[in-house]
file run23.txt (compact mmCIF, C-alpha atoms and all ligand atoms)
# COMPACT_ATOMS: atom_id res chain seq x y z
CA MET G 15 0.00 0.00 0.00
CA THR G 16 1.46 3.38 -0.92
CA ARG G 17 1.90 5.61 2.08
CA ILE G 18 0.12 8.91 2.61
CA ALA G 19 1.97 11.35 4.88
CA SER G 20 0.53 11.34 8.38
CA ARG G 21 -0.05 15.12 8.43
CA VAL G 22 -2.97 14.63 6.07
CA SER G 23 -4.80 12.52 8.65
CA GLN G 24 -4.75 15.56 10.94
CA LEU G 25 -6.88 17.61 8.54
CA ASN G 26 -10.66 17.81 8.49
CA GLY G 27 -13.06 18.70 5.71
CA GLU G 28 -15.77 21.36 5.67
CA GLY G 29 -19.26 20.34 6.89
CA ALA G 30 -21.00 22.65 4.44
CA LEU G 31 -19.81 20.57 1.51
CA ALA G 32 -21.39 17.35 2.87
CA VAL G 33 -24.78 19.06 3.23
CA TYR G 34 -24.35 20.58 -0.25
CA SER G 35 -23.74 17.14 -1.81
CA ARG G 36 -26.87 15.69 -0.17
CA ALA G 37 -28.90 18.74 -1.27
CA LYS G 38 -27.69 18.24 -4.85
CA GLU G 39 -28.63 14.56 -4.69
CA LEU G 40 -32.17 15.50 -3.58
CA GLU G 41 -32.39 17.95 -6.47
CA ARG G 42 -31.40 15.22 -8.89
CA LEU G 43 -34.35 13.23 -7.51
CA GLY G 44 -36.62 16.13 -8.47
CA ARG G 45 -36.90 17.79 -5.03
CA SER G 46 -36.72 21.53 -4.55
CA VAL G 47 -34.01 22.77 -2.18
CA ILE G 48 -33.26 26.33 -1.05
CA HIS G 49 -29.50 26.52 -0.61
CA LEU G 50 -28.44 28.34 2.54
CA GLU G 51 -25.48 26.09 3.36
CA LEU G 52 -22.49 27.52 1.47
CA GLY G 53 -20.82 30.86 2.12
CA GLU G 54 -20.98 31.81 -1.54
CA PRO G 55 -22.69 35.09 -2.46
CA ASP G 56 -25.37 34.87 -5.17
CA PHE G 57 -23.95 38.12 -6.60
CA HIS G 58 -21.44 38.14 -9.43
CA PRO G 59 -18.57 40.60 -9.90
CA ALA G 60 -19.58 44.07 -11.16
CA ALA G 61 -19.42 44.63 -14.94
CA PRO G 62 -16.24 46.82 -14.90
CA ILE G 63 -14.36 43.97 -13.18
CA VAL G 64 -15.41 41.46 -15.83
CA ASP G 65 -14.49 43.98 -18.58
CA ALA G 66 -11.07 44.49 -17.02
CA LEU G 67 -10.51 40.71 -16.96
CA ARG G 68 -11.52 40.37 -20.60
CA GLY G 69 -9.27 43.27 -21.60
CA ALA G 70 -6.32 41.75 -19.73
CA VAL G 71 -6.68 38.38 -21.44
CA VAL G 72 -7.00 40.02 -24.88
CA ALA G 73 -3.88 42.09 -24.14
CA GLY G 74 -1.91 38.91 -23.47
CA ARG G 75 -1.63 39.44 -19.74
CA ASP G 76 -1.62 35.69 -19.15
CA ARG G 77 2.05 35.10 -18.33
CA TYR G 78 3.93 34.05 -15.23
CA CYS G 79 4.29 37.16 -13.10
CA ALA G 80 5.78 38.39 -9.82
CA THR G 81 5.56 35.78 -7.03
CA ARG G 82 4.38 38.40 -4.52
CA GLY G 83 1.74 39.74 -6.87
CA LEU G 84 1.71 42.51 -9.48
CA PRO G 85 3.30 45.69 -8.04
CA ALA G 86 0.28 47.71 -9.24
CA LEU G 87 -2.13 45.44 -7.35
CA ARG G 88 -0.01 45.49 -4.20
CA GLU G 89 0.01 49.32 -4.37
CA ALA G 90 -3.76 49.32 -4.92
CA ILE G 91 -4.34 47.00 -1.93
CA ALA G 92 -2.20 49.23 0.33
CA ALA G 93 -4.17 52.31 -0.78
CA TYR G 94 -7.51 50.47 -0.37
CA LEU G 95 -6.67 49.40 3.19
CA LYS G 96 -5.71 52.96 4.06
CA ARG G 97 -8.98 54.25 2.59
CA THR G 98 -11.33 51.65 4.06
CA ARG G 99 -9.55 50.52 7.27
CA ARG G 100 -7.19 53.37 8.21
CA LEU G 101 -4.25 50.97 7.96
CA GLY G 102 -0.88 52.56 7.17
CA VAL G 103 0.51 49.75 5.04
CA ALA G 104 3.25 49.83 2.39
CA ALA G 105 2.98 47.83 -0.84
CA GLU G 106 6.08 45.82 0.17
CA GLN G 107 4.04 44.43 3.09
CA VAL G 108 1.45 42.89 0.75
CA LEU G 109 1.53 39.42 -0.82
CA VAL G 110 -1.11 38.22 -3.27
CA ALA G 111 -2.25 34.57 -3.36
CA PRO G 112 -4.92 32.50 -5.11
CA GLY G 113 -7.60 32.90 -2.43
CA CYS G 114 -7.82 34.00 1.16
CA LYS G 115 -7.39 30.39 2.29
CA MET G 116 -4.09 30.14 0.44
CA ALA G 117 -2.88 33.41 2.00
CA LEU G 118 -3.94 32.02 5.38
CA SER G 119 -2.15 28.71 4.94
CA LEU G 120 1.05 30.43 3.71
CA ALA G 121 0.99 32.67 6.79
CA MET G 122 0.43 29.68 9.05
CA MET G 123 3.28 27.75 7.36
CA ALA G 124 5.54 30.77 7.85
CA LEU G 125 4.70 31.25 11.55
CA ILE G 126 3.80 27.92 13.16
CA GLU G 127 6.34 25.31 14.30
CA PRO G 128 5.50 21.71 15.28
CA GLY G 129 4.79 21.67 19.03
CA ASP G 130 3.44 25.25 19.14
CA ASP G 131 0.04 26.08 20.63
CA VAL G 132 -2.30 28.08 18.40
CA LEU G 133 -5.39 29.77 19.85
CA TYR G 134 -8.48 29.90 17.64
CA PRO G 135 -12.21 30.69 18.06
CA ASP G 136 -14.80 27.97 18.71
CA PRO G 137 -17.16 28.13 16.90
CA GLY G 138 -15.04 29.35 14.00
CA PHE G 139 -13.79 28.73 10.48
CA PRO G 140 -12.92 24.98 10.54
CA ILE G 141 -9.69 25.42 8.60
CA TYR G 142 -7.96 27.21 11.52
CA PRO G 143 -7.69 24.14 13.80
CA SER G 144 -7.41 21.73 10.89
CA PHE G 145 -4.39 23.37 9.27
CA THR G 146 -2.82 24.03 12.68
CA ARG G 147 -2.88 20.28 13.40
CA GLY G 148 -1.59 19.58 9.89
CA LEU G 149 1.48 21.65 10.76
CA GLY G 150 2.12 19.49 13.83
CA ALA G 151 0.94 22.15 16.30
CA THR G 152 -1.80 22.00 18.92
CA ALA G 153 -5.03 23.87 18.21
CA VAL G 154 -6.37 25.41 21.43
CA PRO G 155 -9.97 26.70 21.24
CA PHE G 156 -11.35 29.77 22.96
CA GLY G 157 -15.13 30.10 23.18
CA LEU G 158 -17.46 32.56 21.49
CA GLU G 159 -20.54 32.07 23.66
CA GLU G 160 -24.06 33.39 23.32
CA LYS G 161 -24.09 34.52 26.96
CA ASN G 162 -21.23 36.91 26.00
CA HIS G 163 -22.98 37.95 22.77
CA PHE G 164 -20.40 35.75 21.01
CA GLN G 165 -17.58 38.08 22.09
CA PRO G 166 -14.34 36.39 23.22
CA ASP G 167 -13.81 35.91 26.95
CA LEU G 168 -10.45 37.55 27.54
CA GLU G 169 -9.93 35.83 30.87
CA GLU G 170 -10.34 32.47 29.18
CA ILE G 171 -7.83 33.45 26.48
CA ALA G 172 -5.32 34.72 29.05
CA ALA G 173 -5.67 31.49 31.04
CA LYS G 174 -5.01 29.38 27.93
CA ILE G 175 -1.76 31.12 26.95
CA THR G 176 1.28 28.94 27.73
CA PRO G 177 4.99 29.35 26.92
CA ARG G 178 4.23 27.28 23.79
CA THR G 179 1.55 29.68 22.49
CA ARG G 180 2.82 31.37 19.39
CA VAL G 181 -0.17 32.46 17.32
CA LEU G 182 -3.75 33.61 17.96
CA ILE G 183 -6.10 33.46 14.98
CA PHE G 184 -9.52 35.04 14.76
CA ASN G 185 -11.90 36.55 12.30
CA SER G 186 -14.10 39.57 12.83
CA PRO G 187 -16.81 39.77 11.60
CA SER G 188 -16.94 36.13 12.51
CA ASN G 189 -18.01 33.17 10.45
CA PRO G 190 -20.32 31.63 11.72
CA THR G 191 -21.57 33.92 14.52
CA GLY G 192 -21.59 37.27 12.68
CA THR G 193 -19.95 38.97 15.68
CA VAL G 194 -17.74 42.01 15.27
CA PHE G 195 -15.15 41.91 18.05
CA SER G 196 -15.61 44.94 20.33
CA SER G 197 -12.92 47.64 20.59
CA SER G 198 -12.19 46.56 24.14
CA ALA G 199 -11.80 42.91 23.09
CA LEU G 200 -9.38 43.93 20.32
CA GLN G 201 -7.48 46.13 22.76
CA LYS G 202 -7.16 43.32 25.30
CA ILE G 203 -6.11 40.77 22.67
CA ALA G 204 -3.46 43.28 21.54
CA GLU G 205 -2.22 43.67 25.13
CA LEU G 206 -1.98 39.89 25.56
CA ALA G 207 -0.16 39.55 22.23
CA GLN G 208 2.42 42.13 23.29
CA LYS G 209 2.81 40.73 26.78
CA HIS G 210 3.33 37.14 25.57
CA ASP G 211 5.05 37.91 22.27
CA LEU G 212 2.34 36.33 20.08
CA TRP G 213 1.57 36.64 16.42
CA ILE G 214 -1.98 37.64 15.57
CA VAL G 215 -3.50 36.29 12.37
CA SER G 216 -6.52 38.52 11.72
CA ASP G 217 -8.79 37.08 9.03
CA GLU G 218 -10.61 40.18 7.77
CA ILE G 219 -12.39 38.61 4.80
CA TYR G 220 -15.77 39.99 5.98
CA ALA G 221 -14.47 43.47 6.94
CA ARG G 222 -16.57 45.19 4.26
CA ILE G 223 -19.79 43.38 5.14
CA LEU G 224 -20.72 45.38 8.23
CA PHE G 225 -24.16 46.50 9.40
CA GLY G 226 -23.03 49.48 11.45
CA GLY G 227 -19.91 51.44 12.40
CA ALA G 228 -16.48 51.61 10.81
CA TYR G 229 -14.24 48.55 10.66
CA GLN G 230 -11.50 48.40 13.24
CA SER G 231 -8.48 46.24 12.41
CA ILE G 232 -6.33 44.98 15.26
CA GLY G 233 -3.34 45.69 12.99
CA ALA G 234 -4.02 49.44 13.32
CA LEU G 235 -3.67 49.43 17.13
CA PRO G 236 -0.42 50.83 18.56
CA GLY G 237 2.42 48.30 18.52
CA MET G 238 0.41 45.72 16.57
CA ALA G 239 1.61 46.25 12.96
CA GLU G 240 4.82 44.36 13.73
CA ARG G 241 3.04 41.28 15.08
CA THR G 242 -0.11 41.07 12.95
CA VAL G 243 -0.78 39.26 9.70
CA ILE G 244 -3.98 40.46 8.04
CA ILE G 245 -5.70 38.06 5.68
CA ASP G 246 -8.27 39.33 3.22
CA GLY G 247 -9.39 38.70 -0.34
CA PHE G 248 -11.86 39.28 -3.11
CA SER G 249 -14.24 36.32 -2.64
CA LYS G 250 -16.85 37.89 -0.36
CA SER G 251 -16.54 41.70 -0.65
CA PHE G 252 -16.41 41.63 -4.45
CA ALA G 253 -18.35 38.37 -5.03
CA MET G 254 -15.31 36.81 -6.73
CA THR G 255 -15.29 33.38 -5.02
CA GLY G 256 -14.24 31.33 -8.05
CA TRP G 257 -11.62 33.82 -9.21
CA ARG G 258 -9.40 32.67 -6.35
CA LEU G 259 -7.70 35.84 -5.19
CA GLY G 260 -6.68 36.83 -1.70
CA TYR G 261 -3.82 38.57 0.04
CA ALA G 262 -1.84 38.86 3.25
CA VAL G 263 -0.46 42.00 4.85
CA ALA G 264 2.44 41.44 7.24
CA PRO G 265 5.85 42.72 8.31
CA VAL G 266 8.35 42.38 5.44
CA PRO G 267 10.29 39.38 6.91
CA VAL G 268 7.01 37.40 7.04
CA ILE G 269 6.21 38.44 3.46
CA ASP G 270 9.73 37.31 2.42
CA ALA G 271 9.11 33.90 4.03
CA MET G 272 5.70 33.57 2.40
CA ASP G 273 7.22 34.60 -0.95
CA LEU G 274 9.65 31.67 -0.74
CA LEU G 275 6.71 29.37 -0.05
CA VAL G 276 4.92 30.80 -3.12
CA LEU G 277 8.00 30.15 -5.26
CA ASN G 278 8.10 26.56 -4.03
CA THR G 279 4.43 25.90 -4.68
CA PHE G 280 2.13 27.82 -7.04
CA THR G 281 4.61 30.43 -8.45
CA CYS G 282 2.07 33.25 -8.76
CA ALA G 283 -1.63 34.09 -8.86
CA ALA G 284 -3.06 34.47 -12.39
CA GLU G 285 -1.99 37.76 -13.96
CA PHE G 286 -5.35 38.61 -15.58
CA THR G 287 -7.36 38.14 -12.38
CA GLN G 288 -4.91 40.42 -10.58
CA ILE G 289 -5.45 43.13 -13.18
CA ALA G 290 -9.22 42.78 -12.79
CA ALA G 291 -8.78 42.96 -9.00
CA ILE G 292 -7.29 46.47 -9.34
CA GLU G 293 -10.60 47.46 -10.95
CA ALA G 294 -12.53 45.72 -8.15
CA LEU G 295 -10.73 47.82 -5.52
CA ARG G 296 -11.64 51.01 -7.44
CA ASP G 297 -15.29 49.88 -7.12
CA SER G 298 -16.34 52.43 -9.74
CA ALA G 299 -19.88 50.99 -9.84
CA GLY G 300 -20.37 51.24 -6.03
CA ALA G 301 -21.11 47.50 -6.03
CA VAL G 302 -19.86 46.81 -2.49
CA ASP G 303 -22.24 49.24 -0.78
CA ALA G 304 -25.16 48.02 -2.89
CA MET G 305 -24.41 44.41 -1.95
CA VAL G 306 -24.10 45.21 1.76
CA GLU G 307 -27.43 47.06 1.59
CA GLU G 308 -29.05 43.95 0.15
CA TYR G 309 -27.49 41.76 2.86
CA ARG G 310 -28.88 44.18 5.44
CA LYS G 311 -32.43 43.69 4.06
CA ARG G 312 -32.00 39.93 3.99
CA ARG G 313 -30.73 40.00 7.56
CA GLU G 314 -33.79 41.93 8.79
CA LEU G 315 -36.20 39.66 6.96
CA PHE G 316 -34.61 36.33 7.81
CA VAL G 317 -33.58 36.94 11.43
CA THR G 318 -37.00 38.39 12.29
CA GLY G 319 -38.66 35.38 10.64
CA LEU G 320 -36.38 32.84 12.36
CA ASN G 321 -37.14 34.30 15.77
CA ARG G 322 -40.85 33.61 15.13
CA ILE G 323 -40.19 29.87 14.58
CA PRO G 324 -40.93 27.93 17.77
CA GLY G 325 -37.69 26.75 19.40
CA PHE G 326 -35.39 29.02 17.33
CA ARG G 327 -33.41 31.98 18.75
CA CYS G 328 -31.13 34.19 16.68
CA GLN G 329 -29.22 37.41 17.39
CA PRO G 330 -28.89 39.69 14.35
CA PRO G 331 -25.35 39.38 12.94
CA GLN G 332 -23.27 42.57 13.18
CA GLY G 333 -21.38 41.63 10.03
CA ALA G 334 -20.77 38.86 7.43
CA PHE G 335 -23.81 37.13 5.91
CA TYR G 336 -24.74 34.31 8.26
CA ALA G 337 -27.62 33.70 10.66
CA TRP G 338 -26.44 31.68 13.68
CA VAL G 339 -29.48 30.11 15.28
CA ASN G 340 -29.80 28.47 18.69
CA ILE G 341 -32.11 25.43 18.40
CA GLU G 342 -31.71 24.05 21.94
CA GLN G 343 -35.37 24.62 22.81
CA THR G 344 -36.56 22.31 20.04
CA GLY G 345 -35.44 19.38 22.20
CA LEU G 346 -33.69 17.94 19.12
CA SER G 347 -30.01 17.87 18.21
CA ALA G 348 -28.82 20.33 15.58
CA GLU G 349 -28.09 17.36 13.30
CA GLU G 350 -31.71 16.18 13.64
CA VAL G 351 -33.02 19.67 12.84
CA GLN G 352 -30.61 19.96 9.89
CA SER G 353 -31.88 16.65 8.56
CA ILE G 354 -35.61 17.48 9.00
CA LEU G 355 -35.09 20.85 7.30
CA LEU G 356 -33.28 19.34 4.34
CA GLU G 357 -35.09 16.02 3.84
CA GLN G 358 -38.62 17.18 4.64
CA GLY G 359 -38.53 20.96 4.29
CA GLY G 360 -36.14 21.40 1.36
CA VAL G 361 -33.99 23.97 3.18
CA ALA G 362 -30.22 23.41 3.43
CA GLY G 363 -28.51 24.82 6.52
CA ILE G 364 -25.57 23.42 8.50
CA ALA G 365 -25.50 21.93 12.00
CA GLY G 366 -23.15 24.14 14.03
CA ALA G 367 -20.78 21.36 15.16
CA ALA G 368 -19.17 21.79 11.71
CA PHE G 369 -17.64 24.94 13.24
CA GLY G 370 -16.42 23.27 16.45
CA PRO G 371 -17.91 21.81 19.63
CA GLY G 372 -19.11 25.31 20.63
CA GLY G 373 -21.57 25.15 17.72
CA LYS G 374 -23.33 22.03 19.05
CA ASN G 375 -26.75 23.64 19.63
CA TYR G 376 -26.79 25.88 16.58
CA LEU G 377 -27.54 25.91 12.87
CA ARG G 378 -25.91 28.26 10.38
CA PHE G 379 -27.82 29.67 7.43
CA SER G 380 -26.06 31.79 4.78
CA LEU G 381 -28.00 34.82 3.56
CA VAL G 382 -26.83 34.18 0.02
CA SER G 383 -30.22 33.69 -1.63
CA ALA G 384 -32.64 36.37 -2.82
CA ARG G 385 -35.27 37.70 -0.40
CA ASN G 386 -38.15 35.84 -2.05
CA LEU G 387 -36.24 32.57 -1.55
CA LEU G 388 -35.54 33.47 2.08
CA GLU G 389 -39.28 34.06 2.54
CA ASP G 390 -39.98 30.63 1.01
CA ALA G 391 -37.35 29.10 3.27
CA LEU G 392 -39.03 30.60 6.34
CA GLU G 393 -42.40 29.17 5.27
CA ARG G 394 -40.85 25.76 4.74
CA ILE G 395 -39.11 25.84 8.14
CA GLU G 396 -42.34 26.94 9.80
CA ARG G 397 -44.15 24.02 8.16
CA VAL G 398 -41.71 21.33 9.38
CA SER G 399 -41.44 22.90 12.85
CA MET G 400 -44.45 20.70 13.78
CA HIS G 401 -41.83 18.00 14.41
CA TRP G 402 -40.59 19.81 17.51
CA ARG G 403 -43.36 22.34 18.35
CA ALA G 404 -44.86 20.26 21.15
CA ALA G 405 -41.49 19.92 22.86
CA VAL G 406 -40.65 23.64 22.86
CA THR G 407 -40.21 25.11 26.31
CA ARG G 408 -40.51 28.87 26.37
C1 LIG G 501 -13.44 33.17 7.72
C2 LIG G 501 -13.11 32.77 6.32
N1 LIG G 501 -11.84 32.85 5.89
C3 LIG G 501 -11.51 32.48 4.64
C4 LIG G 501 -12.45 32.00 3.75
C5 LIG G 501 -12.02 31.54 2.39
O1 LIG G 501 -11.84 32.58 1.48
P1 LIG G 501 -11.37 32.32 -0.03
O2 LIG G 501 -12.55 31.85 -0.79
O3 LIG G 501 -10.88 33.64 -0.55
O4 LIG G 501 -10.27 31.31 0.00
C6 LIG G 501 -13.79 31.91 4.15
C7 LIG G 501 -14.79 31.36 3.23
O5 LIG G 501 -15.85 30.90 3.58
C8 LIG G 501 -14.12 32.30 5.48
O6 LIG G 501 -15.39 32.21 5.92

call {"tool": "encode", "arguments": {"input": "run23.txt", "output": "structure tokens", "more": "lines below"}}
Ligand SMILES: Cc1ncc(COP(=O)(O)O)c(C=O)c1O
result
Amino acid sequence: MTRIASRVSQLNGEGALAVYSRAKELERLGRSVIHLELGEPDFHPAAPIVDALRGAVVAGRDRYCATRGLPALREAIAAYLKRTRRLGVAAEQVLVAPGCKMALSLAMMALIEPGDDVLYPDPGFPIYPSFTRGLGATAVPFGLEEKNHFQPDLEEIAAKITPRTRVLIFNSPSNPTGTVFSSSALQKIAELAQKHDLWIVSDEIYARILFGGAYQSIGALPGMAERTVIIDGFSKSFAMTGWRLGYAVAPVPVIDAMDLLVLNTFTCAAEFTQIAAIEALRDSAGAVDAMVEEYRKRRELFVTGLNRIPGFRCQPPQGAFYAWVNIEQTGLSAEEVQSILLEQGGVAGIAGAAFGPGGKNYLRFSLVSARNLLEDALERIERVSMHWRAAVTR
């Protein structure tokens, strides 16, 4: 039997994809399913972005290019972060990669040693603990609990820091809870990072999808630029999921290390998508604000509707495009509710354990379908709620 390296056995998949496959199977059998399981916007990139891509391909911009990304795109990203996030970043601190996940994994490869402890949010993006374990390190969860409005508990984090702790990863707004970390939480995380000499990996992929206030990056706090790696990309803010384009912002020695990893793996991100990304950052059509406005309407409609379903409880997300619903009062497990919704109701959502043990009593729905579909989904959920109605304790 040919051997597969043991690090692969440390990795886990993504729960959303399993639900998606079953939903597709039901559709092949002629059943109607409303897809609220994947984090993929139903929007497509704005017309000027598509035009820029077409123009770049026609102009022959389809060659190998700079491993760190096109200088013009790195400049544009630095200017964009200054404009939208008040981050004073130089182009030499930016590295472009095919997707936010790739930028994240390069950063983790550059910073994490076997035997390190890495703190990460539970519930959270499942790749954080998975890739940490794949690198031979220990993934140490910190909770995002409903009783704290899904804000981190700083005492818990402080108590979990050991001499082996090297990196703390989080994302705000959070997938799956929709929480935006408070200024005081960011401040305290920054203090802990400085006190214990930690790296912060701040996944800011949802930074533009906010329902109030200006985005605050931990990297902009005093003393944090030198110990923060910001991860962001084009998938969510510009609806460019399949284009595979993301980036990292970090101190130059980290960028140098990541650059060597790029050279040893994928060489460069596609030149033509990078040229189109410069147009995306210009956002000449105002597409980002229009999209966020639509998410805001979906959020109002869907969260209000979910809170009317017996046994469901949902706080409105402060950012990102997910509804994170507590189903404890149904008396059923989240997996049972997920299955009833999909098999009998034709609504695909994900049982929260896919995001860590802290998600055990929750379901995540993505607000990535049009409002009329969300209304249909609410009706369908209401209809199958007869399965648990009698058990609901209010
Ligand atoms: C928190 C978080 N980070 C990263 C990603 C992946 O981004 P990309 O598609 O650019 O690789 C996602 C996608 O769902 C996400 O939710």

call {"tool": "residues_near_ligand", "arguments": {"input": "run23.txt", "ligand": "ligand LIG 501 (chain G)", "cutoff": "10 Å", "atoms": "all atoms listed in the file", "output": "number ranges by chain"}}
result
G: 28, 30, 52-54, 111-119, 138-142, 184-190, 216-220, 245-251, 253-261, 334-336

call {"tool": "closest_residue", "arguments": {"input": "run23.txt", "among": "G:Gly157, G:Ala104, G:Ile269, G:Arg36", "to": "Gly373 of chain G", "atoms": "only C-alpha atoms"}}
result
G:Gly157

call {"tool": "closest_residue", "arguments": {"input": "run23.txt", "among": "G:Val110, G:Pro135, G:Pro62, G:Gly148", "to": "Ser23 of chain G", "atoms": "only C-alpha atoms"}}
result
G:Gly148

call {"tool": "closest_residue", "arguments": {"input": "run23.txt", "among": "G:Ile203, G:His401, G:Val317, G:Pro155", "to": "Ala172 of chain G", "atoms": "only C-alpha atoms"}}
result
G:Ile203

call {"tool": "residues_around", "arguments": {"input": "run23.txt", "residues": "Leu101 of chain G", "least_positions_apart": "5", "cutoff": "10 Å", "atoms": "only C-alpha atoms", "output": "mmCIF file with C-alpha atoms, in the coordinates of the input"}}
result
data_model
loop_
_atom_site.group_PDB
_atom_site.id
_atom_site.type_symbol
_atom_site.label_atom_id
_atom_site.label_comp_id
_atom_site.auth_asym_id
_atom_site.auth_seq_id
_atom_site.Cartn_x
_atom_site.Cartn_y
_atom_site.Cartn_z
ATOM 1 C CA ALA G 92 -2.200 49.230 0.330
ATOM 2 C CA ALA G 93 -4.170 52.310 -0.780
ATOM 3 C CA TYR G 94 -7.510 50.470 -0.370
ATOM 4 C CA LEU G 95 -6.670 49.400 3.190
ATOM 5 C CA LYS G 96 -5.710 52.960 4.060
ATOM 6 C CA GLN G 230 -11.500 48.400 13.240
ATOM 7 C CA SER G 231 -8.480 46.240 12.410
ATOM 8 C CA ILE G 232 -6.330 44.980 15.260
ATOM 9 C CA GLY G 233 -3.340 45.690 12.990
ATOM 10 C CA ALA G 234 -4.020 49.440 13.320
ATOM 11 C CA LEU G 235 -3.670 49.430 17.130
ATOM 12 C CA ALA G 239 1.610 46.250 12.960
#

call {"tool": "atom_distance", "arguments": {"input": "run23.txt", "atom1": "atom CA of Val154 of chain G", "atom2": "atom CA of Asp130 of chain G"}}
result
10.1 Å

call {"tool": "residues_around", "arguments": {"input": "run23.txt", "residues": "Asn386 of chain G", "least_positions_apart": "2", "cutoff": "12 Å", "atoms": "all atoms listed in the file", "output": "list in words"}}
result
Ile48, Lys311, Arg312, Leu315, Phe316, Leu381, Val382, Ser383, Ala384, Leu388, Glu389, Asp390, Ala391, Leu392 and Glu393 of chain G

call {"tool": "atom_distance", "arguments": {"input": "run23.txt", "atom1": "atom CA of Ala221 of chain G", "atom2": "atom CA of Val302 of chain G"}}
result
11.4 Å

call {"tool": "atom_distance", "arguments": {"input": "run23.txt", "atom1": "atom CA of Gln165 of chain G", "atom2": "atom CA of Trp213 of chain G"}}
result
20.0 Å

call {"tool": "decode", "arguments": {"input": "run23.txt", "residues": "segment 287-313 of chain G", "atoms": "C-alpha atoms", "output": "tab-separated table (two decimals), in the first residue's frame"}}
result
chain	number	residue	atom	x	y	z
G	287	THR	CA	-7.36	38.14	-12.38
G	288	GLN	CA	-4.91	40.42	-10.58
G	289	ILE	CA	-5.45	43.13	-13.18
G	290	ALA	CA	-9.22	42.78	-12.79
G	291	ALA	CA	-8.78	42.96	-9.00
G	292	ILE	CA	-7.29	46.47	-9.34
G	293	GLU	CA	-10.60	47.46	-10.95
G	294	ALA	CA	-12.53	45.72	-8.15
G	295	LEU	CA	-10.73	47.82	-5.52
G	296	ARG	CA	-11.64	51.01	-7.44
G	297	ASP	CA	-15.29	49.88	-7.12
G	298	SER	CA	-16.34	52.43	-9.74
G	299	ALA	CA	-19.88	50.99	-9.84
G	300	GLY	CA	-20.37	51.24	-6.03
G	301	ALA	CA	-21.11	47.50	-6.03
G	302	VAL	CA	-19.86	46.81	-2.49
G	303	ASP	CA	-22.24	49.24	-0.78
G	304	ALA	CA	-25.16	48.02	-2.89
G	305	MET	CA	-24.41	44.41	-1.95
G	306	VAL	CA	-24.10	45.21	1.76
G	307	GLU	CA	-27.43	47.06	1.59
G	308	GLU	CA	-29.05	43.95	0.15
G	309	TYR	CA	-27.49	41.76	2.86
G	310	ARG	CA	-28.88	44.18	5.44
G	311	LYS	CA	-32.43	43.69	4.06
G	312	ARG	CA	-32.00	39.93	3.99
G	313	ARG	CA	-30.73	40.00	7.56
